[in-house]
$ cat protein18.cif   # mmCIF, C-alpha atoms
data_my_file
loop_
_atom_site.label_atom_id
_atom_site.label_comp_id
_atom_site.auth_asym_id
_atom_site.auth_seq_id
_atom_site.Cartn_x
_atom_site.Cartn_y
_atom_site.Cartn_z
CA MET E 23 71.91 126.03 36.48
CA ALA E 24 74.57 127.00 33.94
CA LYS E 25 73.45 127.77 30.41
CA LYS E 26 75.88 125.38 28.85
CA LEU E 27 76.70 121.71 29.24
CA ALA E 28 79.44 119.29 28.12
CA CYS E 29 78.29 116.46 25.86
CA VAL E 30 80.34 113.32 25.19
CA ASP E 31 80.25 111.33 21.98
CA LYS E 32 80.40 107.89 23.65
CA ARG E 33 81.33 106.09 20.46
CA ARG E 34 84.51 108.10 20.05
CA CYS E 35 85.55 108.40 23.71
CA VAL E 36 88.77 106.52 24.51
CA ALA E 37 88.10 106.58 28.28
CA CYS E 38 91.53 108.02 29.09
CA GLY E 39 90.22 110.21 31.91
CA ALA E 40 92.02 113.42 30.91
CA CYS E 41 88.70 115.26 31.32
CA THR E 42 88.14 113.97 34.87
CA VAL E 43 91.46 115.47 35.97
CA VAL E 44 90.70 119.00 34.82
CA CYS E 45 87.00 119.22 35.74
CA PRO E 46 86.67 121.77 38.57
CA LYS E 47 83.28 120.37 39.64
CA ASN E 48 83.94 116.63 39.45
CA ALA E 49 81.09 116.58 36.98
CA ILE E 50 82.65 114.15 34.53
CA ALA E 51 83.71 110.55 35.24
CA ILE E 52 84.66 107.42 33.33
CA HIS E 53 81.87 104.85 33.32
CA LYS E 54 83.31 101.35 33.85
CA GLY E 55 86.31 101.98 31.63
CA CYS E 56 84.11 102.45 28.59
CA TYR E 57 83.38 106.17 28.13
CA ALA E 58 83.11 109.48 29.97
CA PHE E 59 79.72 110.64 31.19
CA VAL E 60 78.64 114.05 32.43
CA LYS E 61 76.61 114.57 35.59
CA SER E 62 74.52 117.31 34.06
CA GLU E 63 73.42 118.81 37.38
CA ASN E 64 77.07 119.45 38.34
CA CYS E 65 78.36 120.63 34.96
CA ILE E 66 78.91 124.36 34.63
CA GLY E 67 79.82 124.22 30.93
CA CYS E 68 83.28 125.73 31.44
CA GLY E 69 84.77 123.76 28.55
CA LYS E 70 87.97 122.61 30.26
CA CYS E 71 87.22 118.97 29.41
CA GLU E 72 86.57 119.88 25.77
CA LYS E 73 89.98 121.55 25.65
CA VAL E 74 91.98 118.56 26.96
CA CYS E 75 90.11 115.72 25.28
CA PRO E 76 92.62 113.98 22.99
CA ALA E 77 89.88 112.29 21.00
CA GLY E 78 87.95 115.53 20.50
CA CYS E 79 84.73 113.80 21.52
CA ILE E 80 83.45 116.46 23.97
CA THR E 81 81.44 119.45 22.79
CA ILE E 82 79.88 122.25 24.82
CA LYS E 83 76.23 122.72 23.98
CA GLU E 84 73.42 124.99 25.10
CA ARG E 85 71.26 123.36 27.73
CA GLU E 86 67.73 122.49 26.72
CA GLN E 87 65.09 124.67 28.41
CA ASP E 88 63.49 121.84 30.36
CA GLU E 89 66.77 120.44 31.78
CA MET A 24 90.90 122.21 40.58
CA ASN A 25 90.77 118.89 42.37
CA LYS A 26 92.91 118.25 45.40
CA LYS A 27 96.29 116.67 44.61
CA LYS A 28 96.65 113.02 45.57
CA TRP A 29 99.76 110.87 45.78
CA TYR A 30 99.05 109.35 42.40
CA ASN A 31 99.12 112.78 40.75
CA TYR A 32 102.90 112.59 41.00
CA LEU A 33 103.37 109.33 39.09
CA TRP A 34 104.79 111.30 36.14
CA ILE A 35 108.01 111.25 38.18
CA TRP A 36 107.99 107.45 37.84
CA SER A 37 108.17 107.76 34.04
CA ILE A 38 111.29 109.89 34.30
CA ILE A 39 112.86 107.57 36.90
CA TYR A 40 112.17 104.55 34.68
CA PHE A 41 113.99 105.93 31.65
CA THR A 42 116.83 107.27 33.78
CA LEU A 43 117.39 103.90 35.46
CA GLY A 44 117.42 102.17 32.07
CA PHE A 45 120.06 104.60 30.89
CA PHE A 46 122.42 103.33 33.60
CA ASN A 47 121.38 99.71 33.97
CA ILE A 48 119.22 98.08 31.34
CA LEU A 49 117.93 95.41 33.73
CA PHE A 50 115.67 98.06 35.29
CA ALA A 51 113.72 97.89 32.02
CA TRP A 52 111.95 94.88 33.52
CA LEU A 53 110.17 97.27 35.89
CA GLY A 54 108.21 98.39 32.85
CA MET A 55 106.22 95.19 33.18
CA ILE A 56 104.36 97.01 35.97
CA ASP A 57 102.99 99.46 33.40
CA PHE A 58 102.01 96.52 31.26
CA LEU A 59 100.41 94.21 33.81
CA VAL A 60 98.73 96.64 36.22
CA PRO A 61 96.40 98.18 33.58
CA LEU A 62 95.48 94.72 32.35
CA GLY A 63 94.83 93.68 35.96
CA PHE A 64 92.53 96.66 36.53
CA ALA A 65 90.64 95.89 33.32
CA LEU A 66 90.41 92.10 33.76
CA PHE A 67 89.57 92.01 37.47
CA GLY A 68 88.02 95.41 38.09
CA GLY A 69 86.46 96.07 34.68
CA ASN A 70 87.75 99.64 34.78
CA LYS A 71 90.43 101.91 33.38
CA HIS A 72 91.65 103.28 36.70
CA PHE A 73 95.20 102.92 35.41
CA CYS A 74 94.67 105.30 32.48
CA ASN A 75 92.43 107.54 34.58
CA ARG A 76 94.65 107.86 37.64
CA TYR A 77 97.93 106.01 37.68
CA CYS A 78 99.43 106.32 34.20
CA GLY A 79 102.71 108.18 34.66
CA ARG A 80 103.17 108.63 30.95
CA GLY A 81 99.82 110.35 30.46
CA GLN A 82 100.64 112.63 33.38
CA LEU A 83 104.07 113.41 31.96
CA PHE A 84 102.49 114.43 28.64
CA SER A 85 100.01 116.63 30.53
CA LYS A 86 102.80 118.21 32.55
CA LEU A 87 105.01 118.92 29.54
CA GLY A 88 102.11 119.88 27.29
CA PHE A 89 100.10 122.10 29.62
CA SER A 90 102.31 123.20 32.49
CA CYS A 91 105.49 123.55 30.41
CA LYS A 92 103.58 124.68 27.30
CA CYS A 93 105.41 122.26 25.01
CA SER A 94 102.25 121.48 23.06
CA ARG A 95 100.63 123.44 20.26
CA ASN A 96 97.32 122.29 21.75
CA LYS A 97 95.67 121.79 18.37
CA PRO A 98 92.89 119.24 17.89
CA THR A 99 94.03 115.66 17.34
CA PRO A 100 93.47 114.61 13.71
CA LYS A 101 90.24 112.66 13.66
CA TRP A 102 91.72 109.49 12.11
CA MET A 103 94.02 109.05 15.12
CA SER A 104 91.08 108.29 17.39
CA LEU A 105 89.07 106.25 14.90
CA LYS A 106 88.51 102.54 15.56
CA TRP A 107 90.41 101.21 12.56
CA PHE A 108 93.52 103.20 13.44
CA ARG A 109 93.37 102.35 17.17
CA TYR A 110 92.92 98.64 16.53
CA GLY A 111 95.42 98.69 13.68
CA PHE A 112 98.02 100.29 15.92
CA LEU A 113 97.22 97.79 18.69
CA VAL A 114 97.73 94.85 16.31
CA PHE A 115 100.98 96.38 15.03
CA PHE A 116 102.21 96.95 18.57
CA LEU A 117 101.34 93.45 19.74
CA THR A 118 103.06 92.02 16.66
CA MET A 119 106.21 93.98 17.51
CA PHE A 120 105.89 92.78 21.11
CA GLY A 121 105.68 89.22 19.79
CA VAL A 122 108.79 89.76 17.63
CA MET A 123 110.61 91.02 20.73
CA ILE A 124 109.56 87.93 22.72
CA PHE A 125 110.68 85.72 19.81
CA ASN A 126 114.10 87.42 19.76
CA THR A 127 114.36 86.77 23.49
CA TYR A 128 113.54 83.12 22.82
CA LEU A 129 116.19 82.88 20.10
CA VAL A 130 118.82 84.18 22.52
CA ALA A 131 117.59 81.80 25.23
CA ALA A 132 117.81 78.87 22.80
CA GLY A 133 121.32 79.89 21.76
CA ALA A 134 120.40 80.57 18.13
CA GLU A 135 121.22 84.27 18.43
CA THR A 136 123.70 86.23 20.50
CA LEU A 137 122.82 89.02 22.87
CA LYS A 138 122.73 92.44 21.19
CA GLU A 139 123.56 95.27 23.58
CA ALA A 140 121.62 97.87 21.66
CA ILE A 141 118.17 99.37 21.64
CA LYS A 142 116.06 99.74 18.53
CA LEU A 143 114.16 102.99 18.13
CA PHE A 144 111.01 103.07 15.99
CA TRP A 145 111.69 99.39 15.18
CA THR A 146 114.35 100.60 12.74
CA PHE A 147 117.25 102.55 14.22
CA SER A 148 119.75 100.57 16.25
CA VAL A 149 121.36 102.64 19.01
CA PRO A 150 124.36 101.25 20.96
CA TRP A 151 123.41 100.90 24.63
CA ASP A 152 126.25 98.68 25.82
CA TRP A 153 127.33 100.74 28.86
CA THR A 154 124.19 99.67 30.65
CA TYR A 155 125.06 95.99 30.94
CA THR A 156 127.98 93.70 31.77
CA VAL A 157 127.75 90.37 29.96
CA GLY A 158 127.36 87.41 32.29
CA LEU A 159 125.54 89.24 35.08
CA VAL A 160 122.27 87.46 34.31
CA PRO A 161 121.31 84.85 31.66
CA ASP A 162 121.61 86.43 28.20
CA TRP A 163 117.89 86.18 27.45
CA VAL A 164 117.02 88.19 30.56
CA ALA A 165 119.22 91.01 29.29
CA GLN A 166 117.92 90.63 25.72
CA PHE A 167 114.34 91.05 26.95
CA ALA A 168 115.38 94.15 28.91
CA PHE A 169 116.94 95.75 25.80
CA GLY A 170 113.88 94.85 23.73
CA PHE A 171 111.37 96.06 26.29
CA TYR A 172 113.23 99.32 26.88
CA SER A 173 113.25 99.91 23.11
CA LEU A 174 109.48 99.48 23.03
CA MET A 175 108.92 101.78 25.99
CA LEU A 176 111.24 104.48 24.66
CA THR A 177 109.82 104.31 21.14
CA SER A 178 106.23 104.64 22.34
CA THR A 179 107.16 107.55 24.60
CA LEU A 180 108.93 109.29 21.71
CA ILE A 181 105.86 108.84 19.49
CA GLY A 182 103.78 110.21 22.37
CA LEU A 183 106.07 113.23 22.72
CA ILE A 184 105.93 113.96 18.99
CA VAL A 185 102.12 113.92 18.87
CA MET A 186 102.09 115.90 22.13
CA VAL A 187 104.06 118.72 20.50
CA PHE A 188 101.87 118.82 17.37
CA PHE A 189 98.44 118.23 18.86
CA LYS A 190 96.95 117.91 22.35
CA PRO A 191 99.25 116.98 25.25
CA ARG A 192 97.54 113.61 25.70
CA THR A 193 96.98 112.80 22.02
CA TRP A 194 98.97 109.59 22.59
CA CYS A 195 96.10 108.36 24.81
CA ALA A 196 93.79 108.41 21.79
CA PHE A 197 95.63 105.48 20.23
CA CYS A 198 97.73 104.09 23.10
CA PRO A 199 97.73 100.28 22.61
CA MET A 200 97.32 99.66 26.35
CA GLY A 201 94.39 102.08 26.43
CA THR A 202 92.71 100.42 23.45
CA MET A 203 93.27 96.97 24.93
CA THR A 204 91.92 97.85 28.40
CA GLN A 205 88.92 99.74 26.98
CA THR A 206 88.07 96.74 24.81
CA ILE A 207 88.28 94.42 27.82
CA CYS A 208 86.03 96.81 29.81
CA LYS A 209 83.50 96.99 26.97
CA ILE A 210 83.34 93.20 26.76
CA LYS A 211 83.06 92.85 30.54
CA ASN A 212 80.38 95.51 30.92
CA LYS A 213 78.50 94.68 27.74
CA ASP A 214 74.97 94.99 29.15
CA GLU A 215 75.54 98.41 30.63
CA THR A 216 77.26 100.12 27.75
CA LYS A 217 74.48 99.81 25.18
#

$ encode --input "protein18.cif" --output "structure tokens"
Amino acid sequence: MAKKLACVDKRRCVACGACTVVCPKNAIAIHKGCYAFVKSENCIGCGKCEKVCPAGCITIKEREQDE
Amino acid sequence: MNKKKWYNYLWIWSIIYFTLGFFNILFAWLGMIDFLVPLGFALFGGNKHFCNRYCGRGQLFSKLGFSCKCSRNKPTPKWMSLKWFRYGFLVFFLTMFGVMIFNTYLVAAGAETLKEAIKLFWTFSVPWDWTYTVGLVPDWVAQFAFGFYSLMLTSTLIGLIVMVFFKPRTWCAFCPMGTMTQTICKIKNKDETK
């Protein structure tokens, strides 16, 4: 499992889907038109989604030990 | 990178739309597709598949911003994606849409004459008379086309400006259609989004 992980601030996500287009692992998707969510087991923490997000609501964080 | 699908090429549609409107303004009516389809997805499907997959404008901004490197790629100012600004911009946009419909009505009722011009940024009148021959269709049909094309062109220009300064898809942060469809989705899927 990668050391890092993308985290979405749901309250600020505009659900545009820019992140889903660039994700190389299909690890991020838009949940019912409301916000983006990350499938943590697929995420490799590459940060591509963070780079494209127009709302700046994605941050790359260190994974917790137990995850 | 994900495999390319047919809908990854819809940015071409955006270019075709504005080109057609440059030669014949009546093609502006085709823009209703970009207006009704997202609402349809949101109202009946409870999703934003339009924004996520089929929005030609968003793709065009990505293409120009990333592939053609026309964007500085700096973070979007925070206020642009805040609720008050998004809803404020939506209300402003809908008001302007209403004004455009009212102008169409005035022409239909015979109170105003057809103006063969487009209005950029709701302020600057630009002659656009080569795109229409008076009498081809009822005046109000043409008036709506001029009004709708103005709206489409203005919003694309705003999108291009913020694309250059910030992220390629910064427009999506406060796109009125995006705000409207996301709100519909949030209302529809209330129980699951808590």

$ atom_distance --input "protein18.cif" --atom1 "CA of Gly79 in chain A" --atom2 "CA of Leu33 in chain A"
4.6 Å

$ atom_distance --input "protein18.cif" --atom1 "CA of Tyr77 in chain A" --atom2 "CA of Val60 in chain A"
9.5 Å

$ closest_residue --input "protein18.cif" --among "E:Ala28, E:Asn48, E:Ala58, E:Met23" --to "Ile82 in chain E" --atoms "all atoms listed in the file"
E:Ala28

$ closest_residue --input "protein18.cif" --among "A:Gly54, A:Gly44, A:Gly182, A:Pro191" --to "chain E" --atoms "all atoms listed in the file"
A:Pro191

$ atom_distance --input "protein18.cif" --atom1 "CA of Lys97 in chain A" --atom2 "CA of Phe59 in chain E"
23.3 Å

$ interface_residues --input "protein18.cif" --of "chain A" --to "chain E" --cutoff "10 Å" --atoms "all atoms listed in the file" --output "PDB file with C-alpha atoms, keeping the file's coordinate frame"
ATOM      1  CA  MET A  24      90.900 122.210  40.580  1.00  0.00           C
ATOM      2  CA  ASN A  25      90.770 118.890  42.370  1.00  0.00           C
ATOM      3  CA  LYS A  26      92.910 118.250  45.400  1.00  0.00           C
ATOM      4  CA  LYS A  27      96.290 116.670  44.610  1.00  0.00           C
ATOM      5  CA  ASN A  31      99.120 112.780  40.750  1.00  0.00           C
ATOM      6  CA  PHE A  64      92.530  96.660  36.530  1.00  0.00           C
ATOM      7  CA  ALA A  65      90.640  95.890  33.320  1.00  0.00           C
ATOM      8  CA  GLY A  68      88.020  95.410  38.090  1.00  0.00           C
ATOM      9  CA  GLY A  69      86.460  96.070  34.680  1.00  0.00           C
ATOM     10  CA  ASN A  70      87.750  99.640  34.780  1.00  0.00           C
ATOM     11  CA  LYS A  71      90.430 101.910  33.380  1.00  0.00           C
ATOM     12  CA  HIS A  72      91.650 103.280  36.700  1.00  0.00           C
ATOM     13  CA  PHE A  73      95.200 102.920  35.410  1.00  0.00           C
ATOM     14  CA  CYS A  74      94.670 105.300  32.480  1.00  0.00           C
ATOM     15  CA  ASN A  75      92.430 107.540  34.580  1.00  0.00           C
ATOM     16  CA  ARG A  76      94.650 107.860  37.640  1.00  0.00           C
ATOM     17  CA  CYS A  78      99.430 106.320  34.200  1.00  0.00           C
ATOM     18  CA  GLY A  81      99.820 110.350  30.460  1.00  0.00           C
ATOM     19  CA  GLN A  82     100.640 112.630  33.380  1.00  0.00           C
ATOM     20  CA  SER A  85     100.010 116.630  30.530  1.00  0.00           C
ATOM     21  CA  PHE A  89     100.100 122.100  29.620  1.00  0.00           C
ATOM     22  CA  ASN A  96      97.320 122.290  21.750  1.00  0.00           C
ATOM     23  CA  LYS A  97      95.670 121.790  18.370  1.00  0.00           C
ATOM     24  CA  PRO A  98      92.890 119.240  17.890  1.00  0.00           C
ATOM     25  CA  THR A  99      94.030 115.660  17.340  1.00  0.00           C
ATOM     26  CA  PRO A 100      93.470 114.610  13.710  1.00  0.00           C
ATOM     27  CA  LYS A 101      90.240 112.660  13.660  1.00  0.00           C
ATOM     28  CA  TRP A 102      91.720 109.490  12.110  1.00  0.00           C
ATOM     29  CA  MET A 103      94.020 109.050  15.120  1.00  0.00           C
ATOM     30  CA  SER A 104      91.080 108.290  17.390  1.00  0.00           C
ATOM     31  CA  LEU A 105      89.070 106.250  14.900  1.00  0.00           C
ATOM     32  CA  LYS A 106      88.510 102.540  15.560  1.00  0.00           C
ATOM     33  CA  ARG A 109      93.370 102.350  17.170  1.00  0.00           C
ATOM     34  CA  MET A 186     102.090 115.900  22.130  1.00  0.00           C
ATOM     35  CA  PHE A 189      98.440 118.230  18.860  1.00  0.00           C
ATOM     36  CA  LYS A 190      96.950 117.910  22.350  1.00  0.00           C
ATOM     37  CA  PRO A 191      99.250 116.980  25.250  1.00  0.00           C
ATOM     38  CA  ARG A 192      97.540 113.610  25.700  1.00  0.00           C
ATOM     39  CA  THR A 193      96.980 112.800  22.020  1.00  0.00           C
ATOM     40  CA  TRP A 194      98.970 109.590  22.590  1.00  0.00           C
ATOM     41  CA  CYS A 195      96.100 108.360  24.810  1.00  0.00           C
ATOM     42  CA  ALA A 196      93.790 108.410  21.790  1.00  0.00           C
ATOM     43  CA  PHE A 197      95.630 105.480  20.230  1.00  0.00           C
ATOM     44  CA  CYS A 198      97.730 104.090  23.100  1.00  0.00           C
ATOM     45  CA  GLY A 201      94.390 102.080  26.430  1.00  0.00           C
ATOM     46  CA  THR A 202      92.710 100.420  23.450  1.00  0.00           C
ATOM     47  CA  THR A 204      91.920  97.850  28.400  1.00  0.00           C
ATOM     48  CA  GLN A 205      88.920  99.740  26.980  1.00  0.00           C
ATOM     49  CA  THR A 206      88.070  96.740  24.810  1.00  0.00           C
ATOM     50  CA  ILE A 207      88.280  94.420  27.820  1.00  0.00           C
ATOM     51  CA  CYS A 208      86.030  96.810  29.810  1.00  0.00           C
ATOM     52  CA  LYS A 209      83.500  96.990  26.970  1.00  0.00           C
ATOM     53  CA  ILE A 210      83.340  93.200  26.760  1.00  0.00           C
ATOM     54  CA  LYS A 211      83.060  92.850  30.540  1.00  0.00           C
ATOM     55  CA  ASN A 212      80.380  95.510  30.920  1.00  0.00           C
ATOM     56  CA  LYS A 213      78.500  94.680  27.740  1.00  0.00           C
ATOM     57  CA  GLU A 215      75.540  98.410  30.630  1.00  0.00           C
ATOM     58  CA  THR A 216      77.260 100.120  27.750  1.00  0.00           C
TER      59      THR A 216
END

$ residues_near_point --input "protein18.cif" --point "(77.6, 120.3, 33.0)" --cutoff "9 Å" --atoms "only C-alpha atoms" --output "JSON, numbers by chain"
{"E": [23, 24, 25, 26, 27, 28, 29, 47, 49, 50, 60, 61, 62, 63, 64, 65, 66, 67, 68, 82, 85]}

$ residues_around --input "protein18.cif" --residues "Leu137 in chain A" --least-positions-apart "2" --cutoff "8 Å" --atoms "only C-alpha atoms" --output "VMD selection string"
chain A and resid 130 135 139 162 to 163 165 to 166

$ resolve_selection --input "protein18.cif" --expression "the PyMOL selection byres ((chain A and resi 53) around 10)" --output "PyMOL selection string"
chain A and resi 40+43-44+49-52+54-58+168+171-172

$ resolve_selection --input "protein18.cif" --expression "the PyMOL selection byres ((chain A and resi 140-146) around 8)" --output "ChimeraX atom specification"
/A:138-139,147-152,169-170,172-174,176-177
